[in-house]
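Participant: Below is the file entry-v6.csv, which contains CSV, N, CA and C atoms.
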```
chain,number,residue,atom,x,y,z
A,1,VAL,N,1.0,0.0,-91.9
A,1,VAL,CA,-0.4,0.5,-91.8
A,1,VAL,C,-0.4,2.0,-91.9
A,2,ILE,N,-1.2,2.5,-92.8
A,2,ILE,CA,-1.2,4.0,-93.0
A,2,ILE,C,-2.6,4.5,-92.9
A,3,ARG,N,-3.5,3.7,-92.4
A,3,ARG,CA,-4.9,4.2,-92.3
A,3,ARG,C,-5.3,4.3,-90.8
A,4,GLY,N,-6.4,4.9,-90.5
A,4,GLY,CA,-6.8,5.0,-89.1
A,4,GLY,C,-5.9,5.8,-88.3
A,5,ILE,N,-5.7,5.4,-87.1
A,5,ILE,CA,-4.9,6.2,-86.1
A,5,ILE,C,-3.4,6.2,-86.6
A,6,HIS,N,-3.0,5.2,-87.3
A,6,HIS,CA,-1.6,5.2,-87.7
A,6,HIS,C,-1.3,6.3,-88.8
A,7,ARG,N,-2.3,6.9,-89.3
A,7,ARG,CA,-2.1,8.0,-90.2
A,7,ARG,C,-1.6,9.3,-89.4
A,8,TYR,N,-2.0,9.4,-88.1
A,8,TYR,CA,-1.6,10.5,-87.3
A,8,TYR,C,-0.4,10.2,-86.4
A,9,SER,N,-0.2,8.9,-86.1
A,9,SER,CA,0.9,8.6,-85.2
A,9,SER,C,1.5,7.2,-85.5
A,10,ARG,N,2.8,7.2,-85.6
A,10,ARG,CA,3.5,5.9,-85.8
A,10,ARG,C,3.4,5.0,-84.6
A,11,ASN,N,3.2,5.6,-83.4
A,11,ASN,CA,3.2,4.8,-82.2
A,11,ASN,C,2.0,5.1,-81.3
A,12,PRO,N,0.8,4.8,-81.7
A,12,PRO,CA,-0.4,5.2,-80.9
A,12,PRO,C,-0.4,4.4,-79.6
A,13,LEU,N,0.1,3.2,-79.6
A,13,LEU,CA,0.1,2.5,-78.3
A,13,LEU,C,0.9,3.2,-77.2
A,14,TYR,N,2.1,3.6,-77.6
A,14,TYR,CA,2.9,4.3,-76.6
A,14,TYR,C,2.3,5.6,-76.2
A,15,VAL,N,1.6,6.4,-77.1
A,15,VAL,CA,1.0,7.6,-76.8
A,15,VAL,C,-0.2,7.3,-75.8
A,16,GLY,N,-0.9,6.3,-76.1
A,16,GLY,CA,-2.1,5.9,-75.2
A,16,GLY,C,-1.6,5.6,-73.8
A,17,TRP,N,-0.6,4.7,-73.7
A,17,TRP,CA,-0.1,4.4,-72.4
A,17,TRP,C,0.5,5.5,-71.6
A,18,ALA,N,1.2,6.4,-72.3
A,18,ALA,CA,1.7,7.6,-71.7
A,18,ALA,C,0.6,8.5,-71.1
A,19,LEU,N,-0.5,8.6,-71.9
A,19,LEU,CA,-1.6,9.4,-71.4
A,19,LEU,C,-2.3,8.7,-70.2
A,20,VAL,N,-2.4,7.4,-70.2
A,20,VAL,CA,-3.0,6.7,-69.0
A,20,VAL,C,-2.1,7.0,-67.8
A,21,ILE,N,-0.8,6.8,-67.9
A,21,ILE,CA,0.1,7.0,-66.8
A,21,ILE,C,0.1,8.5,-66.4
A,22,LEU,N,0.0,9.4,-67.3
A,22,LEU,CA,-0.1,10.9,-66.9
A,22,LEU,C,-1.4,11.1,-66.2
A,23,GLY,N,-2.5,10.5,-66.6
A,23,GLY,CA,-3.8,10.6,-65.9
A,23,GLY,C,-3.7,10.1,-64.5
A,24,MET,N,-3.0,9.0,-64.3
A,24,MET,CA,-2.9,8.4,-63.0
A,24,MET,C,-2.0,9.3,-62.1
A,25,ALA,N,-1.0,10.0,-62.7
A,25,ALA,CA,-0.2,10.9,-62.0
A,25,ALA,C,-0.9,12.1,-61.5
A,26,LEU,N,-1.8,12.6,-62.4
A,26,LEU,CA,-2.6,13.8,-62.1
A,26,LEU,C,-3.8,13.6,-61.3
A,27,MET,N,-4.3,12.4,-61.2
A,27,MET,CA,-5.6,12.1,-60.6
A,27,MET,C,-5.4,12.2,-59.1
A,28,GLY,N,-6.1,13.1,-58.5
A,28,GLY,CA,-6.0,13.3,-57.0
A,28,GLY,C,-4.7,13.8,-56.6
A,29,TRP,N,-4.1,14.7,-57.5
A,29,TRP,CA,-2.8,15.3,-57.2
A,29,TRP,C,-2.7,15.9,-55.9
A,30,SER,N,-1.6,15.6,-55.2
A,30,SER,CA,-1.2,16.3,-54.0
A,30,SER,C,0.3,16.2,-53.9
A,31,THR,N,0.8,16.6,-52.8
A,31,THR,CA,2.3,16.4,-52.6
A,31,THR,C,2.7,15.2,-51.8
A,32,ASN,N,1.7,14.2,-51.7
A,32,ASN,CA,2.1,13.0,-51.0
A,32,ASN,C,3.0,12.1,-51.8
A,33,THR,N,3.5,11.1,-51.2
A,33,THR,CA,4.5,10.3,-51.8
A,33,THR,C,4.0,9.6,-53.1
A,34,TRP,N,2.8,9.1,-53.1
A,34,TRP,CA,2.3,8.4,-54.3
A,34,TRP,C,2.1,9.3,-55.5
A,35,SER,N,1.7,10.5,-55.3
A,35,SER,CA,1.6,11.4,-56.4
A,35,SER,C,2.9,11.7,-57.0
A,36,VAL,N,3.9,12.0,-56.2
A,36,VAL,CA,5.3,12.3,-56.7
A,36,VAL,C,5.8,11.0,-57.3
A,37,ALA,N,5.6,9.9,-56.8
A,37,ALA,CA,6.1,8.6,-57.4
A,37,ALA,C,5.5,8.4,-58.8
A,38,PHE,N,4.2,8.7,-59.0
A,38,PHE,CA,3.6,8.5,-60.3
A,38,PHE,C,4.1,9.5,-61.3
A,39,VAL,N,4.5,10.7,-60.9
A,39,VAL,CA,5.1,11.7,-61.8
A,39,VAL,C,6.5,11.2,-62.2
A,40,ILE,N,7.2,10.7,-61.2
A,40,ILE,CA,8.6,10.2,-61.6
A,40,ILE,C,8.4,9.0,-62.5
A,41,TYR,N,7.4,8.1,-62.2
A,41,TYR,CA,7.2,6.9,-63.0
A,41,TYR,C,6.8,7.4,-64.5
A,42,PHE,N,6.0,8.4,-64.6
A,42,PHE,CA,5.6,8.9,-65.9
A,42,PHE,C,6.8,9.4,-66.7
A,43,LEU,N,7.7,10.2,-66.0
A,43,LEU,CA,8.9,10.7,-66.7
A,43,LEU,C,9.8,9.6,-67.1
A,44,VAL,N,10.0,8.6,-66.3
A,44,VAL,CA,10.9,7.5,-66.6
A,44,VAL,C,10.3,6.7,-67.7
A,45,THR,N,9.0,6.5,-67.7
A,45,THR,CA,8.3,5.8,-68.8
A,45,THR,C,8.4,6.5,-70.1
A,46,LEU,N,8.3,7.8,-70.1
A,46,LEU,CA,8.5,8.6,-71.4
A,46,LEU,C,9.9,8.3,-72.0
A,47,VAL,N,10.9,8.4,-71.1
A,47,VAL,CA,12.3,8.1,-71.6
A,47,VAL,C,12.4,6.7,-72.2
A,48,TYR,N,11.8,5.7,-71.4
A,48,TYR,CA,11.9,4.3,-71.9
A,48,TYR,C,11.1,4.2,-73.2
A,49,PHE,N,9.9,4.7,-73.3
A,49,PHE,CA,9.1,4.6,-74.6
A,49,PHE,C,9.9,5.2,-75.7
A,50,HIS,N,10.5,6.4,-75.5
A,50,HIS,CA,11.3,7.0,-76.6
A,50,HIS,C,12.4,6.2,-77.1
A,51,TRP,N,13.2,5.6,-76.1
A,51,TRP,CA,14.3,4.7,-76.4
A,51,TRP,C,13.8,3.5,-77.2
A,52,THR,N,12.7,2.9,-76.8
A,52,THR,CA,12.2,1.7,-77.4
A,52,THR,C,11.8,2.1,-78.9
A,53,VAL,N,11.1,3.2,-79.1
A,53,VAL,CA,10.7,3.6,-80.4
A,53,VAL,C,11.9,3.8,-81.3
A,54,THR,N,12.9,4.5,-80.8
A,54,THR,CA,14.1,4.7,-81.7
A,54,THR,C,14.7,3.4,-82.1
A,55,LEU,N,14.8,2.4,-81.2
A,55,LEU,CA,15.3,1.1,-81.5
A,55,LEU,C,14.4,0.4,-82.6
A,56,GLU,N,13.1,0.5,-82.4
A,56,GLU,CA,12.2,-0.1,-83.3
A,56,GLU,C,12.3,0.5,-84.7
A,57,GLU,N,12.4,1.8,-84.7
A,57,GLU,CA,12.5,2.5,-86.0
A,57,GLU,C,13.8,2.1,-86.8
A,58,GLY,N,14.9,1.9,-86.1
A,58,GLY,CA,16.1,1.4,-86.7
A,58,GLY,C,16.0,0.0,-87.3
A,59,PHE,N,15.3,-0.9,-86.5
A,59,PHE,CA,15.1,-2.2,-87.0
A,59,PHE,C,14.2,-2.2,-88.2
A,60,LEU,N,13.1,-1.4,-88.2
A,60,LEU,CA,12.2,-1.4,-89.3
A,60,LEU,C,12.8,-0.7,-90.5
A,61,LEU,N,13.6,0.2,-90.4
A,61,LEU,CA,14.3,0.8,-91.5
A,61,LEU,C,15.2,-0.2,-92.2
A,62,ASP,N,15.9,-1.0,-91.4
A,62,ASP,CA,16.7,-2.1,-92.0
A,62,ASP,C,15.9,-3.2,-92.7
A,63,LYS,N,14.7,-3.4,-92.1
A,63,LYS,CA,13.9,-4.5,-92.7
A,63,LYS,C,13.1,-4.0,-93.9
A,64,TYR,N,12.5,-2.8,-93.9
A,64,TYR,CA,11.6,-2.4,-94.9
A,64,TYR,C,12.2,-1.3,-95.8
A,65,GLY,N,13.3,-0.7,-95.5
A,65,GLY,CA,14.0,0.2,-96.4
A,65,GLY,C,13.2,1.5,-96.7
A,66,ASP,N,13.2,1.8,-98.0
A,66,ASP,CA,12.6,3.0,-98.5
A,66,ASP,C,11.2,3.2,-98.2
A,67,SER,N,10.4,2.1,-98.2
A,67,SER,CA,9.0,2.2,-98.0
A,67,SER,C,8.7,2.7,-96.5
A,68,TYR,N,9.5,2.2,-95.6
A,68,TYR,CA,9.4,2.6,-94.2
A,68,TYR,C,9.9,4.1,-94.1
A,69,ARG,N,11.0,4.4,-94.8
A,69,ARG,CA,11.5,5.8,-94.8
A,69,ARG,C,10.4,6.8,-95.2
A,70,ASP,N,9.7,6.4,-96.3
A,70,ASP,CA,8.5,7.2,-96.7
A,70,ASP,C,7.5,7.4,-95.7
A,71,TYR,N,7.2,6.3,-94.9
A,71,TYR,CA,6.2,6.4,-93.8
A,71,TYR,C,6.8,7.3,-92.7
A,72,LEU,N,8.1,7.2,-92.4
A,72,LEU,CA,8.7,8.1,-91.4
A,72,LEU,C,8.5,9.6,-91.8
A,73,ASN,N,8.7,9.8,-93.1
A,73,ASN,CA,8.6,11.2,-93.5
A,73,ASN,C,7.2,11.8,-93.6
A,74,SER,N,6.2,10.9,-93.7
A,74,SER,CA,4.8,11.3,-93.9
A,74,SER,C,3.9,11.2,-92.6
A,75,THR,N,4.5,10.6,-91.5
A,75,THR,CA,3.7,10.4,-90.3
A,75,THR,C,4.5,10.9,-89.1
A,76,ALA,N,3.8,11.5,-88.2
A,76,ALA,CA,4.5,12.0,-86.9
A,76,ALA,C,4.9,10.8,-86.1
A,77,ARG,N,6.0,10.9,-85.4
A,77,ARG,CA,6.4,9.8,-84.5
A,77,ARG,C,5.4,9.5,-83.4
A,78,TYR,N,4.9,10.6,-82.7
A,78,TYR,CA,4.0,10.4,-81.6
A,78,TYR,C,2.6,10.9,-81.9
A,79,PHE,N,2.4,12.1,-82.4
A,79,PHE,CA,1.1,12.6,-82.8
A,79,PHE,C,1.3,13.8,-83.6
A,80,GLY,N,0.3,14.0,-84.5
A,80,GLY,CA,0.4,15.2,-85.4
A,80,GLY,C,-0.4,15.0,-86.6
A,81,MET,N,-0.5,16.0,-87.4
A,81,MET,CA,-1.2,15.8,-88.7
A,81,MET,C,-0.4,15.1,-89.7
A,82,PRO,N,-1.0,14.3,-90.6
A,82,PRO,CA,-0.3,13.6,-91.6
A,82,PRO,C,0.5,14.5,-92.5
A,83,GLY,N,1.7,14.0,-92.9
A,83,GLY,CA,2.5,14.8,-93.8
A,83,GLY,C,1.9,14.9,-95.2
A,84,ARG,N,2.3,15.9,-96.0
A,84,ARG,CA,1.8,16.0,-97.3
A,84,ARG,C,2.9,15.6,-98.3
A,85,LYS,N,2.5,15.0,-99.4
A,85,LYS,CA,3.4,14.6,-100.4
A,85,LYS,C,3.4,15.6,-101.6
```
Once you've parsed the file, please lay out its structure as structure tokens.

Facilitator:
Amino acid sequence: VIRGIHRYSRNPLYVGWALVILGMALMGWSTNTWSVAFVIYFLVTLVYFHWTVTLEEGFLLDKYGDSYRDYLNSTARYFGMPGRK
């Protein structure tokens, strides 16, 4: 898919969930236990999402080869402007 949001991000679902979790971490921020726990959860989730994305990209490169490599080179992993050819 190279149209719509996938033109700007190869992983819009992960970006969206990370923003939701970040919003929950910042909502009503204070130094109480729950606020700190949500920040820790957000950071752990970012690491997990990145790990998952790198595994998926390896699988997709094996499966789709050069066409997926072209997609990797023209679209940002998480967010950004589309690449130029």

Participant: Which of chain A end up as helix (DSSP H, G or I) when DSSP is run on this backbone - answer as number ranges by chain?

Facilitator: A: 4-7, 12-26, 33-64, 66-74

Participant: Name the closest residue to Val20 (chain A) among the candidates A:Phe59, A:Tyr41, A:Trp34, A:Tyr8; distances are taken between atoms, counting only C-alpha atoms.

Facilitator: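 Nearest candidate to Val20 (chain A) out of A:Phe59, A:Tyr41, A:Trp34, A:Tyr8: A:Tyr41.
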
Participant: Quick one: residues within 5 Å of Arg77 (chain A), only N, CA and C atoms counted, chain neighbours fewer than 4 positions away excluded, as a PyMOL selection string?

Facilitator: chain A and resi 9-11

Participant: Go through A:Tyr64, A:Phe38, A:Phe49, A:Trp29 and flag the residue nearest Leu13 (chain A), using only C-alpha atoms for the distances.

Facilitator: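 Smallest distance to Leu13 (chain A) is found for A:Phe49.
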
Participant: With distances taken over only N, CA and C atoms, which of A:Pro12, A:His50, A:Arg7, A:Leu61 is nearest to Gly80 (chain A)?

Facilitator: A:Arg7

Participant: What's the separation between atom C of Met81 (chain A) and CA of Gly58 (chain A), in Å to one decimal place?

Facilitator: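 Value for the atom C of Met81 (chain A)-CA of Gly58 (chain A) distance: 21.7 Å.
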
Participant: Which one of A:Leu22, A:Val15, A:Ile40, A:Asp62 sits closest to Phe79 (chain A) if you count all atoms listed in the file?

Facilitator: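 Closest to Phe79 (chain A) of all the choices is A:Val15.
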
Participant: With all atoms of region 66-71 of chain A from the file as input, state the centre and edge lengths in Å to one decimal of the axis-aligned box that has 5 Å extra on each side, as JSON.

Facilitator:
```
{"center_x": 9.7, "center_y": 4.6, "center_z": -95.6, "size_x": 17.0, "size_y": 15.6, "size_z": 15.8}
```

Participant: Grab the CA of Leu26 (chain A) to atom C of Phe42 (chain A) distance for me, in Å with one decimal place.

Facilitator: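 Straight-line distance from CA of Leu26 (chain A) to atom C of Phe42 (chain A) works out to 11.4 Å.
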
Participant: Which value, in Å to one decimal, gives the distance between CA of Ala18 (chain A) and CA of Thr45 (chain A)?

Facilitator: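 Distance reported for this atom pair: 7.4 Å.
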
Participant: Pick out the closest residue to Gly16 (chain A) from this set: A:Tyr78, A:Asp66, A:Leu60, A:Ala37. Count only C-alpha atoms.

Facilitator: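 Of A:Tyr78, A:Asp66, A:Leu60, A:Ala37, the one nearest Gly16 (chain A) is A:Tyr78, counting only C-alpha atoms.
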
Participant: Which residue, A:Ile21, A:Ser67, A:Ile2, A:Asn73, has the smallest gap to Leu43 (chain A) when you use only C-alpha atoms?

Facilitator: A:Ile21

Participant: How would region 67-78 of chain A look with all heavy atoms restored, written as a tab-separated table (two decimals), in the coordinates of the input?

Facilitator:
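The result, written out as out.tsv:
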```
chain	number	residue	atom	x	y	z
A	67	SER	N	10.40	2.10	-98.20
A	67	SER	CA	9.00	2.20	-98.00
A	67	SER	C	8.70	2.70	-96.50
A	67	SER	O	7.84	3.50	-96.28
A	67	SER	CB	8.24	0.89	-98.25
A	67	SER	OG	8.69	-0.13	-97.39
A	68	TYR	N	9.50	2.20	-95.60
A	68	TYR	CA	9.40	2.60	-94.20
A	68	TYR	C	9.90	4.10	-94.10
A	68	TYR	O	9.35	4.87	-93.31
A	68	TYR	CB	10.11	1.71	-93.23
A	68	TYR	CG	9.80	2.04	-91.79
A	68	TYR	CD1	8.54	1.80	-91.26
A	68	TYR	CD2	10.73	2.66	-90.97
A	68	TYR	CE1	8.22	2.13	-89.96
A	68	TYR	CE2	10.44	2.98	-89.66
A	68	TYR	CZ	9.18	2.73	-89.16
A	68	TYR	OH	8.87	3.06	-87.87
A	69	ARG	N	11.00	4.40	-94.80
A	69	ARG	CA	11.50	5.80	-94.80
A	69	ARG	C	10.40	6.80	-95.20
A	69	ARG	O	10.24	7.86	-94.68
A	69	ARG	CB	12.73	5.91	-95.62
A	69	ARG	CG	13.49	7.20	-95.44
A	69	ARG	CD	14.78	7.26	-96.24
A	69	ARG	NE	15.51	6.02	-96.42
A	69	ARG	CZ	16.29	5.43	-95.49
A	69	ARG	NH1	16.42	5.98	-94.31
A	69	ARG	NH2	16.93	4.31	-95.76
A	70	ASP	N	9.70	6.40	-96.30
A	70	ASP	CA	8.50	7.20	-96.70
A	70	ASP	C	7.50	7.40	-95.70
A	70	ASP	O	6.94	8.50	-95.46
A	70	ASP	CB	7.90	6.64	-98.00
A	70	ASP	CG	8.81	6.71	-99.20
A	70	ASP	OD1	9.78	7.50	-99.19
A	70	ASP	OD2	8.55	5.94	-100.16
A	71	TYR	N	7.20	6.30	-94.90
A	71	TYR	CA	6.20	6.40	-93.80
A	71	TYR	C	6.80	7.30	-92.70
A	71	TYR	O	6.01	8.09	-92.16
A	71	TYR	CB	6.00	4.96	-93.30
A	71	TYR	CG	5.04	4.87	-92.14
A	71	TYR	CD1	3.72	5.30	-92.26
A	71	TYR	CD2	5.43	4.31	-90.93
A	71	TYR	CE1	2.83	5.21	-91.21
A	71	TYR	CE2	4.55	4.21	-89.88
A	71	TYR	CZ	3.25	4.66	-90.01
A	71	TYR	OH	2.39	4.56	-88.97
A	72	LEU	N	8.10	7.20	-92.40
A	72	LEU	CA	8.70	8.10	-91.40
A	72	LEU	C	8.50	9.60	-91.80
A	72	LEU	O	8.23	10.40	-90.93
A	72	LEU	CB	10.15	7.79	-91.24
A	72	LEU	CG	10.55	6.49	-90.58
A	72	LEU	CD1	12.07	6.34	-90.59
A	72	LEU	CD2	10.02	6.40	-89.18
A	73	ASN	N	8.70	9.80	-93.10
A	73	ASN	CA	8.60	11.20	-93.50
A	73	ASN	C	7.20	11.80	-93.60
A	73	ASN	O	6.95	12.96	-93.66
A	73	ASN	CB	9.27	11.38	-94.88
A	73	ASN	CG	10.76	11.17	-94.77
A	73	ASN	OD1	11.37	11.46	-93.74
A	73	ASN	ND2	11.36	10.64	-95.81
A	74	SER	N	6.20	10.90	-93.70
A	74	SER	CA	4.80	11.30	-93.90
A	74	SER	C	3.90	11.20	-92.60
A	74	SER	O	2.81	11.70	-92.61
A	74	SER	CB	4.14	10.50	-94.98
A	74	SER	OG	4.01	9.15	-94.60
A	75	THR	N	4.50	10.60	-91.50
A	75	THR	CA	3.70	10.40	-90.30
A	75	THR	C	4.50	10.90	-89.10
A	75	THR	O	5.65	10.53	-88.98
A	75	THR	CB	3.26	8.95	-90.18
A	75	THR	OG1	2.64	8.53	-91.39
A	75	THR	CG2	2.30	8.74	-89.04
A	76	ALA	N	3.80	11.50	-88.20
A	76	ALA	CA	4.50	12.00	-86.90
A	76	ALA	C	4.90	10.80	-86.10
A	76	ALA	O	4.16	9.77	-86.06
A	76	ALA	CB	3.56	12.91	-86.16
A	77	ARG	N	6.00	10.90	-85.40
A	77	ARG	CA	6.40	9.80	-84.50
A	77	ARG	C	5.40	9.50	-83.40
A	77	ARG	O	5.05	8.41	-83.12
A	77	ARG	CB	7.75	10.18	-83.86
A	77	ARG	CG	8.23	9.10	-82.91
A	77	ARG	CD	9.58	9.42	-82.35
A	77	ARG	NE	10.59	9.03	-83.33
A	77	ARG	CZ	11.84	9.45	-83.30
A	77	ARG	NH1	12.24	10.27	-82.36
A	77	ARG	NH2	12.69	9.03	-84.20
A	78	TYR	N	4.90	10.60	-82.70
A	78	TYR	CA	4.00	10.40	-81.60
A	78	TYR	C	2.60	10.90	-81.90
A	78	TYR	O	1.61	10.12	-81.79
A	78	TYR	CB	4.50	10.99	-80.35
A	78	TYR	CG	5.78	10.34	-79.91
A	78	TYR	CD1	6.99	11.02	-79.97
A	78	TYR	CD2	5.80	9.02	-79.49
A	78	TYR	CE1	8.17	10.42	-79.58
A	78	TYR	CE2	6.98	8.40	-79.12
A	78	TYR	CZ	8.16	9.11	-79.16
A	78	TYR	OH	9.32	8.51	-78.81
```
